[in-house]
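Engineer: Sharing my_file-v8.cif here; it has mmCIF, C-alpha atoms.
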```cif
data_input
loop_
_atom_site.label_atom_id
_atom_site.label_comp_id
_atom_site.auth_asym_id
_atom_site.auth_seq_id
_atom_site.Cartn_x
_atom_site.Cartn_y
_atom_site.Cartn_z
CA MET H 1 8.98 197.44 71.21
CA VAL H 2 7.96 194.77 73.62
CA ALA H 3 9.63 195.20 76.99
CA GLY H 4 9.45 193.67 80.43
CA GLY H 5 11.39 191.60 82.91
CA PHE H 6 13.07 188.29 82.28
CA GLY H 7 10.64 185.49 81.48
CA VAL H 8 7.60 187.74 81.42
CA GLY H 9 6.52 186.59 77.96
CA LYS H 10 8.00 189.07 75.44
CA THR H 11 8.86 186.44 72.83
CA THR H 12 5.55 184.68 73.40
CA PHE H 13 3.73 187.96 72.81
CA VAL H 14 5.69 188.66 69.64
CA GLY H 15 5.12 185.12 68.41
CA ALA H 16 1.38 185.30 69.07
CA VAL H 17 0.83 188.10 66.61
CA SER H 18 3.77 187.84 64.20
CA GLU H 19 3.24 186.41 60.73
CA ILE H 20 6.68 184.79 60.92
CA ASN H 21 8.11 182.71 63.74
CA PRO H 22 10.13 185.02 65.98
CA LEU H 23 13.67 185.54 64.74
CA ARG H 24 16.68 186.49 66.76
CA THR H 25 19.21 189.15 65.89
CA GLU H 26 22.38 189.42 67.87
CA ALA H 27 24.52 192.47 68.39
CA VAL H 28 28.09 191.97 69.46
CA MET H 29 29.37 194.43 72.03
CA THR H 30 33.04 194.81 72.71
CA SER H 31 34.16 196.57 75.81
CA ALA H 32 37.74 197.33 76.61
CA SER H 33 38.94 197.48 80.14
CA ALA H 34 42.41 197.79 81.55
CA GLY H 35 43.30 195.13 84.05
CA ILE H 36 44.14 196.76 87.37
CA ASP H 37 46.78 194.21 88.17
CA ASP H 38 48.08 194.03 84.66
CA LEU H 39 51.55 195.48 84.69
CA SER H 40 51.92 195.34 80.94
CA HIS H 41 48.97 197.75 80.60
CA VAL H 42 47.37 195.68 77.89
CA ALA H 43 43.66 196.38 77.64
CA ASP H 44 41.45 193.37 78.00
CA LYS H 45 38.60 193.15 75.60
CA THR H 46 35.48 191.29 76.41
CA THR H 47 32.69 190.67 73.98
CA THR H 48 29.09 190.25 74.93
CA THR H 49 26.29 189.20 72.68
CA VAL H 50 22.99 191.00 73.08
CA ALA H 51 20.06 189.13 71.55
CA MET H 52 16.70 190.50 70.51
CA ASP H 53 13.77 188.41 69.38
CA PHE H 54 11.50 190.04 66.86
CA GLY H 55 8.52 189.45 64.64
CA ARG H 56 6.81 191.04 61.65
CA ILE H 57 3.28 191.95 60.61
CA THR H 58 2.53 193.06 57.06
CA LEU H 59 -0.24 195.63 57.35
CA ASP H 60 -0.46 196.70 53.73
CA ASP H 61 1.39 196.39 50.41
CA ASP H 62 3.82 199.06 51.50
CA LEU H 63 3.55 198.89 55.27
CA ILE H 64 5.31 196.40 57.51
CA LEU H 65 5.30 196.56 61.30
CA TYR H 66 8.18 195.05 63.23
CA LEU H 67 7.94 194.08 66.87
CA PHE H 68 11.25 193.98 68.74
CA GLY H 69 11.62 192.38 72.13
CA THR H 70 14.06 194.36 74.23
CA PRO H 71 17.30 192.62 75.21
CA GLY H 72 16.98 190.48 78.31
CA GLN H 73 19.83 192.26 80.06
CA ASP H 74 18.64 195.63 81.30
CA ARG H 75 22.06 197.20 81.27
CA PHE H 76 22.38 197.48 77.49
CA TRP H 77 20.57 200.80 77.34
CA PHE H 78 22.29 201.88 74.13
CA MET H 79 20.53 198.98 72.37
CA TRP H 80 17.24 200.30 73.71
CA ASP H 81 18.15 203.75 72.35
CA ASP H 82 18.73 202.15 68.97
CA LEU H 83 15.30 200.50 69.08
CA VAL H 84 13.51 203.57 70.39
CA ARG H 85 14.66 205.73 67.48
CA GLY H 86 11.69 205.90 65.14
CA ALA H 87 9.61 203.49 67.21
CA ILE H 88 5.85 204.00 67.49
CA GLY H 89 5.80 202.93 71.12
CA ALA H 90 6.30 200.12 73.58
CA VAL H 91 4.22 197.45 75.25
CA VAL H 92 5.62 196.81 78.72
CA LEU H 93 4.59 193.35 79.81
CA VAL H 94 4.20 193.00 83.53
CA ASP H 95 3.98 189.92 85.71
CA THR H 96 2.16 191.22 88.79
CA ARG H 97 3.83 188.54 90.88
CA ARG H 98 7.15 190.26 90.10
CA LEU H 99 6.18 193.85 89.68
CA ALA H 100 9.62 195.28 90.35
CA ASP H 101 11.01 193.51 87.29
CA CYS H 102 9.37 196.08 85.04
CA PHE H 103 10.65 199.17 86.89
CA PRO H 104 13.73 199.69 84.68
CA ALA H 105 11.64 199.52 81.51
CA VAL H 106 8.98 201.90 82.84
CA ASP H 107 11.65 204.37 83.98
CA TYR H 108 13.37 204.18 80.63
CA PHE H 109 10.24 204.85 78.59
CA GLU H 110 9.03 207.65 80.83
CA ASN H 111 12.39 209.35 80.38
CA SER H 112 12.51 208.74 76.65
CA GLY H 113 9.09 210.22 75.97
CA LEU H 114 8.13 207.19 73.88
CA PRO H 115 4.43 206.31 74.21
CA PHE H 116 3.95 203.09 76.13
CA VAL H 117 1.23 200.91 77.58
CA ILE H 118 1.44 198.58 80.55
CA ALA H 119 0.06 195.12 79.81
CA LEU H 120 -0.56 192.90 82.79
CA ASN H 121 0.24 189.40 81.61
CA GLY H 122 -1.89 186.99 83.57
CA PHE H 123 -0.20 183.70 84.34
CA ASP H 124 -2.50 180.71 84.70
CA GLY H 125 -5.32 183.07 83.82
CA HIS H 126 -4.95 184.96 87.07
CA GLN H 127 -4.95 188.70 87.41
CA PRO H 128 -4.31 189.27 91.09
CA TYR H 129 -4.22 193.07 90.88
CA ARG H 130 -6.49 195.61 89.29
CA PRO H 131 -5.02 198.13 86.86
CA GLU H 132 -5.53 201.00 89.34
CA GLU H 133 -3.59 199.12 91.99
CA VAL H 134 -0.73 198.56 89.56
CA ARG H 135 -0.74 202.21 88.53
CA GLU H 136 -0.38 203.16 92.19
CA ALA H 137 2.38 200.62 92.76
CA LEU H 138 4.31 201.67 89.66
CA GLN H 139 3.84 205.35 90.44
CA ILE H 140 3.07 206.22 86.85
CA GLY H 141 0.87 209.07 85.75
CA PRO H 142 -2.67 208.75 84.47
CA ASP H 143 -1.72 208.93 80.80
CA ALA H 144 -0.20 205.51 80.18
CA PRO H 145 -2.97 202.96 79.58
CA ILE H 146 -2.89 199.85 81.76
CA ILE H 147 -4.55 196.82 80.26
CA THR H 148 -4.70 193.12 80.94
CA THR H 149 -3.50 190.64 78.37
CA ASP H 150 -2.57 187.06 77.75
CA ALA H 151 0.65 187.00 75.76
CA ARG H 152 -0.21 183.59 74.30
CA HIS H 153 -3.31 184.71 72.49
CA ARG H 154 -3.20 186.47 69.15
CA ALA H 155 -6.40 188.44 69.70
CA GLU H 156 -5.16 189.79 73.02
CA ALA H 157 -1.71 190.67 71.71
CA LYS H 158 -3.33 192.41 68.75
CA SER H 159 -5.62 194.31 71.09
CA ALA H 160 -2.63 195.48 73.15
CA LEU H 161 -0.94 196.77 70.00
CA ILE H 162 -4.08 198.62 68.97
CA THR H 163 -4.30 200.24 72.41
CA LEU H 164 -0.68 201.31 72.07
CA VAL H 165 -1.09 202.88 68.64
CA GLU H 166 -4.29 204.67 69.69
CA HIS H 167 -2.41 206.03 72.68
CA ALA H 168 0.51 207.13 70.49
CA LEU H 169 -1.85 208.86 68.09
CA LEU H 170 -3.64 210.69 70.89
CA ALA H 171 -0.32 211.82 72.30
CA ARG H 172 0.65 213.31 68.95
CA LEU H 173 -2.61 215.10 68.43
CA LYS H 174 -2.46 216.90 71.76
CA MET L 1 29.85 192.02 36.06
CA THR L 2 30.40 195.40 37.58
CA PRO L 3 32.85 195.49 40.47
CA PRO L 4 31.89 197.82 43.27
CA PRO L 5 33.58 201.24 43.54
CA ALA L 6 37.21 201.04 44.53
CA SER L 7 36.90 202.64 47.93
CA PRO L 8 38.80 201.07 50.83
CA GLY L 9 35.99 198.60 51.21
CA PRO L 10 35.92 194.93 51.94
CA TYR L 11 37.09 193.71 48.57
CA GLY L 12 40.66 194.83 48.91
CA ALA L 13 42.59 193.01 51.55
CA SER L 14 40.21 190.29 52.59
CA HIS L 15 40.44 186.80 51.26
CA HIS L 16 37.70 184.58 50.00
CA ALA L 17 37.09 181.97 52.62
CA PRO L 18 34.88 179.08 51.63
CA TYR L 19 31.79 178.41 53.66
CA GLY L 20 31.16 174.84 54.56
CA GLY L 21 33.40 172.69 56.63
CA GLU L 22 31.99 172.10 60.08
CA GLY L 23 28.35 173.01 60.20
CA ASP L 24 27.56 176.62 59.49
CA GLN L 25 30.55 178.20 61.19
CA PRO L 26 32.03 180.85 58.92
CA LEU L 27 35.77 180.59 58.50
CA VAL L 28 36.16 184.36 58.36
CA ARG L 29 35.23 186.34 61.45
CA PRO L 30 32.38 188.68 60.56
CA TYR L 31 34.27 191.88 61.31
CA ALA L 32 37.14 190.75 59.08
CA MET L 33 34.71 190.94 56.15
CA THR L 34 34.09 194.58 56.83
CA GLY L 35 37.80 195.35 56.75
CA GLY L 36 37.77 196.19 60.43
CA ARG L 37 35.26 199.00 59.96
CA THR L 38 32.72 199.22 62.71
CA ARG L 39 30.74 202.20 61.48
CA PRO L 40 28.46 201.99 58.47
CA ARG L 41 28.67 204.88 56.05
CA TYR L 42 25.26 205.97 57.22
CA GLN L 43 23.24 204.59 60.10
CA LEU L 44 20.63 202.14 58.90
CA ALA L 45 17.54 201.69 61.04
CA ILE L 46 17.21 198.16 62.37
CA GLU L 47 13.87 198.00 60.56
CA ALA L 48 15.12 199.54 57.28
CA LEU L 49 13.93 197.44 54.36
CA VAL L 50 16.35 196.12 51.79
CA SER L 51 15.57 194.87 48.30
CA THR L 52 18.04 193.67 45.71
CA SER L 53 18.11 195.90 42.68
CA ALA L 54 20.94 194.20 40.78
CA GLU L 55 20.59 191.18 38.52
CA PRO L 56 22.13 187.89 39.75
CA GLY L 57 24.91 188.24 37.21
CA ALA L 58 26.00 191.49 38.82
CA TYR L 59 26.50 190.10 42.29
CA GLN L 60 28.05 186.72 41.53
CA GLY L 61 31.54 188.09 41.93
CA LEU L 62 31.03 189.57 45.35
CA LEU L 63 32.19 188.14 48.67
CA PRO L 64 30.04 185.26 49.89
CA GLU L 65 28.29 187.31 52.60
CA HIS L 66 27.41 190.07 50.14
CA GLN L 67 26.06 187.48 47.73
CA ARG L 68 23.99 185.86 50.45
CA ILE L 69 22.43 189.21 51.26
CA CYS L 70 21.67 189.95 47.61
CA HIS L 71 20.14 186.52 47.23
CA LEU L 72 18.04 186.85 50.41
CA CYS L 73 16.81 190.32 49.55
CA ARG L 74 15.25 189.39 46.24
CA GLU L 75 12.26 189.49 48.55
CA LEU L 76 12.05 192.54 50.80
CA LYS L 77 13.83 192.02 54.13
CA SER L 78 14.67 194.26 57.05
CA VAL L 79 18.23 194.71 58.30
CA ALA L 80 17.17 192.78 61.40
CA GLU L 81 15.95 189.85 59.29
CA ILE L 82 19.16 189.82 57.30
CA SER L 83 21.11 189.64 60.55
CA ALA L 84 18.89 186.90 61.97
CA LEU L 85 18.45 184.72 58.87
CA LEU L 86 22.10 184.85 57.82
CA ALA L 87 23.40 184.66 61.40
CA ILE L 88 25.44 187.85 61.05
CA PRO L 89 25.85 190.26 63.97
CA LEU L 90 23.55 193.26 63.60
CA GLY L 91 26.39 195.79 63.32
CA VAL L 92 28.07 193.75 60.58
CA ALA L 93 24.79 193.39 58.68
CA ARG L 94 24.39 197.18 58.73
CA ILE L 95 27.85 197.68 57.27
CA LEU L 96 27.46 195.02 54.59
CA VAL L 97 24.07 196.38 53.53
CA ALA L 98 25.46 199.92 53.42
CA ASP L 99 28.31 198.64 51.21
CA LEU L 100 25.84 197.00 48.86
CA ALA L 101 23.68 200.11 48.72
CA GLU L 102 26.70 202.22 47.88
CA ALA L 103 27.62 199.75 45.16
CA GLY L 104 24.14 200.02 43.72
CA MET L 105 23.31 196.38 44.38
CA VAL L 106 20.39 196.95 46.78
CA SER L 107 17.80 199.63 47.49
CA ILE L 108 17.12 200.77 51.01
CA HIS L 109 13.68 201.83 52.22
CA GLN L 110 14.13 203.68 55.48
CA PRO L 111 11.10 204.70 57.45
CA SER L 112 10.49 208.38 56.84
CA SER L 113 10.57 210.62 59.86
CA SER L 114 9.10 213.98 59.26
CA GLU L 115 10.15 215.40 62.59
CA ALA L 116 13.33 215.63 64.61
CA GLY L 117 13.85 212.66 66.86
CA GLY L 118 12.55 210.29 64.24
CA GLN L 119 9.01 210.09 65.57
CA PRO L 120 6.56 208.53 63.13
CA ASP L 121 4.15 211.05 61.66
CA VAL L 122 0.41 211.07 62.27
CA THR L 123 -0.49 209.67 58.87
CA LEU L 124 1.77 206.69 59.44
CA LEU L 125 0.26 206.07 62.87
CA GLU L 126 -3.24 206.17 61.40
CA ARG L 127 -2.24 203.69 58.69
CA VAL L 128 -0.73 201.35 61.26
CA LEU L 129 -3.83 201.57 63.43
CA SER L 130 -6.07 200.91 60.49
CA GLY L 131 -3.95 197.95 59.41
CA LEU L 132 -3.95 196.42 62.88
CA ARG L 133 -7.72 196.72 63.19
CA LYS L 134 -8.11 194.82 59.93
CA LEU L 135 -5.95 191.90 61.05
#
```
Would you mind writing the file's structure down as structure tokens?
Structural biologist:
Amino acid sequence: MVAGGFGVGKTTFVGAVSEINPLRTEAVMTSASAGIDDLSHVADKTTTTVAMDFGRITLDDDLILYLFGTPGQDRFWFMWDDLVRGAIGAVVLVDTRRLADCFPAVDYFENSGLPFVIALNGFDGHQPYRPEEVREALQIGPDAPIITTDARHRAEAKSALITLVEHALLARLK
Amino acid sequence: MTPPPASPGPYGASHHAPYGGEGDQPLVRPYAMTGGRTRPRYQLAIEALVSTSAEPGAYQGLLPEHQRICHLCRELKSVAEISALLAIPLGVARILVADLAEAGMVSIHQPSSSEAGGQPDVTLLERVLSGLRKL
């Protein structure tokens, strides 16, 4: 999974390392609500479309890795649950200029127990904060790796994925 | 041509609506194709891989969306790719694929989870790591 705030570069990251151009799958959510003022007690249904961009990397004849960008709207947690099931882990992209944007994702993954790494996505090549400063600001424990990355570059995206899988493997072997 | 099993599936009440007309807009709402069902018979992972096992002759008589899936999956595709490439909502794609699997038209390759909670096993993680390093 590739998570992070709006506009942080999730689709760019996926596209940098995917062998196919990122595709978009949409899930249609229907929610029923009763109108408070509605005397006829007819439930109103509203539908929302939740979109997820994703990519694919074929690693071997019988092994394909999919990378799913989390939905832009944080509130669709049940979609995250669907993605988390069976996932290896998550890369949480962080724009240090808008650190708070990643809080919901970090909270979610810490609670879910899914291995994750924090990837500081430098915009304009700048990395204004050191990893230790970010760790302090995000109040996360020492386990989750914090790395710097540039979501536009294949080598850096690949490196972030490798860090994630190494971390996931270590977590399993403990 | 072998018709699919006569369960209360999508072949009963629904009508064949032609595709075409204005752009790519389907004339049948996606959930109408599934006969109003919103739960697949079993929950397919979004990354579950689908490959068509039936010969073209066997799926010619199916509903257009089922045919499109069979055609697309002559090369291995995930449920997510089916949804994206055919512009079908994810939930609908899961149901249609489950229908086709039940009818013996496609094979499903779900990721194996050896432990509760569906966590990938260590061997799989090592293979993924090895594969990524070789990229």
Engineer: What residues in chain H have any atom no more than 6 Å from chain L when counting all atoms listed in the file, and can you write them as number ranges by chain?
Structural biologist: H: 24-27, 59, 85-86
Engineer: Using the file's own x, y and z axes, so that the box edges lie along x, y and z, what centre and edge lengths in Å (one decimal) does a box around every listed atom of range 103-107 of chain L get when 5 Å is added on each side? Give it as AutoDock Vina command-line options.
Structural biologist:
```
--center_x 22.7 --center_y 198.2 --center_z 45.6 --size_x 19.8 --size_y 13.6 --size_z 13.8
```
Engineer: How would you write, as a PyMOL selection string, the residues chosen by the PyMOL selection byres ((chain H and resi 18) around 9) on this structure?
Structural biologist: chain H and resi 13-17+19-22+54-58+66-67+154
Engineer: As an exercise, work out the distance from CA of His66 in chain L to CA of Asp99 in chain L in Å and give it to one decimal place.
Structural biologist: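 One can read the CA of His66 in chain L to CA of Asp99 in chain L distance as 8.7 Å.
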Engineer: Using only C-alpha atoms, which of H:Gly89, H:Pro104, H:Gly113, H:Gly125 sits nearest Gly72 in chain H?
Structural biologist: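 When distances to Gly72 in chain H are compared using only C-alpha atoms, the smallest one comes from H:Pro104.
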Engineer: Using CA of Pro131 in chain H and CA of Val92 in chain H as the two end points, give the distance in Å to one decimal.
Structural biologist: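 CA of Val92 in chain H lies at a distance of 13.5 Å from CA of Pro131 in chain H.
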Engineer: So which residues get picked by the PyMOL selection byres ((chain L and resi 65) around 9) here, written as a ChimeraX atom specification?
Structural biologist: /L:33,62-64,66-70,86,88,96
